[in-house]
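Chemist: Please see the structure below; I have some questions.
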Amino acid sequence: MKVAIQGRAQDSQKALYEAAGIELVEGTCSNEAEMIELIGDADGAQVGILPLTTRKVMESCSNLKVVSRFGVGVDSIDIEAATELGVIVCNVPGSNTTEVADHAMSLMLMLTRRLYDLVTHVRAGDWADNPRAMGQHTGKIRRLAGHTVGIIGFGNIGRAFATRIRGFGVRRILAFDPYVNQLAGDLYGVELVDLETLLKESDCISCHCSATDESKGIIDAAALKMMRPTALLVNTARGPIVDGEALADALEAGEIEAAALDVTEVEPIESSNRLLKIPNCFVTPHVAAMSATFISETAVMQAQNVINVLTGEKPHGLANPEVIKTIAVMRGGNPGRWTDVPDFSTALQV
């Protein structure tokens with residue numbers, strides 16, 4: 001069997017594939033055609049965010065059985081096409097929960113403590129030469145204690161963020177997630193509410209929902225108008241959750257106080273984007289998940305996903321469980337890409 005890795009394999013991955021007797025090929029891809037050339041006749045593939053793993057890629061690679069995505073999200077893979085074609089899509093759930101929750105907390109503190117402005121002005125010499133200039137920033141420093149924080153999306157990362165923000169003595173923690181009940185909220189001291197209530201009553205809002213058709217543009221012009229003029233917005237989830245143009249309009253009009261984003265609608269964000277020109281908007285380059293620990297642990301889990309599927313074992317994360325039915329039908333007739341591969345279906349739950 002053969003596995004293609006988009007990028008360079010780590011030593012830990014090479015060791016796992018060698019032990020499993022699987023051939024490994026590596027390559028850097030910048031577009032769909034290069035993805036097809038790299039994966040070719042491979043049985044499995046490890047992919048990242050870009051280029052997208054499209055229907056054309058999977059249709060063109062007729063041996064492909066499993067795609068393992070780096071990290072938690074799988075929105076860069078055409079899940080519907082993969083399921084139709086009998087290609088298993090895996091991720092590594094929980095691998096970056098700590099890092100993203102930490103980054104969201106850091107961005108929130110940057111906004112409330114005015115850290116960027118203060119560091120910038122000290123470096124410019126204002127503390128020594130123009131102390132009055134510092135006053136315009138120190139006077140806007142805010143405390144988190146006693147205020148209400150809203151969390152949009154209450155999965156693993158949203159819950160990890162809740163445990164962090166509670167330590168700052170906030171008065172209330174609200175969460176909106178239509179797939180989570182109040183019992184789960186009770187475990188974290190969080191009140192589950194509808195989106196409108198969260199937007200209207202929160203002083204600070206942090207986004208942690210997945211990228212879906214339902215969540216796309218959930219923070220749009222109408223949502224921003226519901227928020228308090230002193231509200232702070234943080235997004236470390238996915239760019240399309242926030243309408244960038246609407247956010248720029250709201251910040252410029254003073255409808256909300258400030259925003260900090262680790263993700264944007266188009267990545268990398270263009271240098272001419274309005275959000276980068278607005279002084280009360282701060283953007284980091286989609287690095288919330290990053291740490292040396294995350295990279296090393298995820299590399300191993302990503303390789304294990306591919307090896308486990310190809311050897312009939314359960315992967316760490318299955319993003320398209322309906323594919324099991326597709327593969328069962330294929331095995332009952334012309335198995336195609338699943339010829340001579342062990343049946344793993346009993347190890348998984350649909």
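Letters A, B, ... mark the chains of the structure tokens in the order given; residue numbers begin at 1 per chain; ligand numbers begin at 1, in order shown.
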Could you list, as a VMD selection string, every residue within 8 Å of segment 1-11 of chain A, counting only C-alpha atoms and ignoring same-chain residues fewer than 4 positions away?

Modeler: chain A and resid 15 21 to 29 35 38 to 39 41 to 48 299

Chemist: Write the residues you've just listed into a file as a compact mmCIF listing (two decimals), in the first residue's frame, and include C-alpha atoms for each of them.

Modeler:
```txt
# COMPACT_ATOMS: atom_id res chain seq x y z
CA ALA A 15 8.54 5.24 11.59
CA GLY A 21 4.91 -1.83 5.69
CA ILE A 22 3.36 1.11 3.86
CA GLU A 23 5.20 3.04 1.15
CA LEU A 24 5.37 6.80 1.72
CA VAL A 25 5.53 9.63 -0.82
CA GLU A 26 5.80 13.32 0.02
CA GLY A 27 5.23 16.52 -1.89
CA THR A 28 4.23 20.16 -1.68
CA CYS A 29 1.01 21.12 -3.46
CA MET A 35 -2.77 17.32 -5.39
CA LEU A 38 0.90 13.69 -5.60
CA ILE A 39 -1.85 11.36 -4.45
CA ASP A 41 -2.49 5.82 -7.04
CA ALA A 42 -2.06 6.18 -3.26
CA ASP A 43 -4.40 4.31 -0.90
CA GLY A 44 -4.35 7.05 1.72
CA ALA A 45 -3.47 10.72 2.00
CA GLN A 46 -2.56 13.17 4.73
CA VAL A 47 -3.72 16.67 3.82
CA GLY A 48 -3.81 20.17 5.25
CA ALA A 299 1.45 14.15 13.23
```

Chemist: Select from segment 29-206 of chain A everything DSSP, run on the backbone, classes as strand (DSSP E or B), then give the selection as a VMD selection string.

Modeler: chain A and resid 44 to 47 53 66 to 69 77 88 to 91 148 to 152 172 to 176 191 to 192 204 to 206

Chemist: Which polymer residues have any atom within 6 Å of an atom of Glu255 of chain A, counting only C-alpha atoms, with same-chain residues fewer than 2 positions away left out, as a count of residues only?

Modeler: 3

Chemist: Have a look at A:Glu267, A:Glu245, A:Asp343, A:Glu322 and name the one nearest to Gly86 of chain A; count only C-alpha atoms.

Modeler: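 Residue with the minimum atom-to-atom distance to Gly86 of chain A: A:Glu322.
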
Chemist: So that I can see what lies close to Pro335 of chain A, please list as a list in words the residues with an atom at most 12 Å from it, counting only C-alpha atoms and leaving out residues fewer than 3 positions away in the same chain.

Modeler: Ser62, Asn63, Lys65, Leu85, Gly86, Thr326, Ile327, Ala328, Val329, Met330, Arg331, Gly332, Trp338, Thr339, Asp340, Val341, Pro342 and Asp343 of chain A

Chemist: Counting only C-alpha atoms, which of A:Ile152, A:Val190, A:Ala288, A:Cys209 gets nearest to Asp102 of chain A?

Modeler: A:Ala288

Chemist: So that I can check the surroundings of Ile295 of chain A, please list as a list in words every protein, DNA and RNA residue that reaches within 12 Å of it, counting only C-alpha atoms and ignoring chain neighbours fewer than 3 positions away.

Modeler: Ala9, Gln10, Ser12, Gln13, Phe70, Gly71, Val92, Ser95, Asn96, Glu99, Val287, Ala289, Met290, Ser291, Ala292, Thr298, Ala299, Val300, Met301 and Gln302 of chain A

Chemist: Might you pull out every residue within 9 Å of Val170 of chain A, with only C-alpha atoms counted and same-chain residues fewer than 2 positions away left off, and present them as JSON, numbers by chain?

Modeler: {"A": [144, 145, 146, 147, 148, 149, 165, 166, 167, 168, 172, 173]}

Chemist: Considering only C-alpha atoms, state which residue in the set A:Ser206, A:Gln182, A:Thr120, A:Ser60 is at the smallest distance from Met105 of chain A.

Modeler: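 Checking each candidate against Met105 of chain A, we get A:Ser206 as the closest.
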
Chemist: What is the atom CA of Glu252 of chain A to atom CA of Arg274 of chain A distance in Å?

Modeler: 9.9 Å

Chemist: Could you state the separation of atom CA of Pro178 of chain A and atom CA of Ile205 of chain A in Å, given to one decimal place?

Modeler: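 Atom CA of Ile205 of chain A lies at a distance of 16.8 Å from atom CA of Pro178 of chain A.
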
Chemist: Closest to Glu80 of chain A among A:Thr53, A:Thr163, A:Asn334, A:Thr97, using only C-alpha atoms?

Modeler: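 Using only C-alpha atoms, Glu80 of chain A sits closest to A:Thr53.
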
Chemist: Can you list, as JSON, numbers by chain, every protein, DNA or RNA residue that comes within 9 Å of Leu199 of chain A when you count only C-alpha atoms, leaving out same-chain residues fewer than 6 positions away?

Modeler: {"A": [150, 205, 223, 224, 225, 226, 227, 228]}

Chemist: Can I get the selected residues back with C-alpha atoms, as a PDB file, in the first residue's frame?

Modeler:
```pdb
ATOM      1  CA  GLY A 150     -20.882  34.813  25.545  1.00  0.00           C
ATOM      2  CA  ILE A 205     -18.166  37.208  22.803  1.00  0.00           C
ATOM      3  CA  ALA A 223     -26.073  40.331  14.679  1.00  0.00           C
ATOM      4  CA  LEU A 224     -23.543  43.118  15.146  1.00  0.00           C
ATOM      5  CA  LYS A 225     -26.325  45.666  15.574  1.00  0.00           C
ATOM      6  CA  MET A 226     -27.732  43.583  18.442  1.00  0.00           C
ATOM      7  CA  MET A 227     -24.431  43.735  20.310  1.00  0.00           C
ATOM      8  CA  ARG A 228     -23.571  46.377  22.858  1.00  0.00           C
TER       9      ARG A 228
END
```

Chemist: A:Met110, A:Leu52, A:Ala175, A:Ala81: which is nearest Thr197 of chain A, counting only C-alpha atoms?

Modeler: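 Under the stated criterion, the closest residue is A:Ala175.
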
Chemist: Closest to Ile219 of chain A among A:Ala259, A:Glu201, A:Ala319, A:Asn156, using only C-alpha atoms?

Modeler: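 Checking each candidate against Ile219 of chain A, we get A:Ala259 as the closest.
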
Chemist: In segment 160-273 of chain A, what's alpha helix (DSSP H) per DSSP? Answer as a PyMOL selection string?

Modeler: chain A and resi 160-166+182-186+195-201+221-226+244-253

Chemist: What does the structure give for the distance between atom CA of Leu261 of chain A and atom CA of Ile49 of chain A, in Å to one decimal?

Modeler: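 Spanning atom CA of Leu261 of chain A to atom CA of Ile49 of chain A is a straight-line distance of 17.8 Å.
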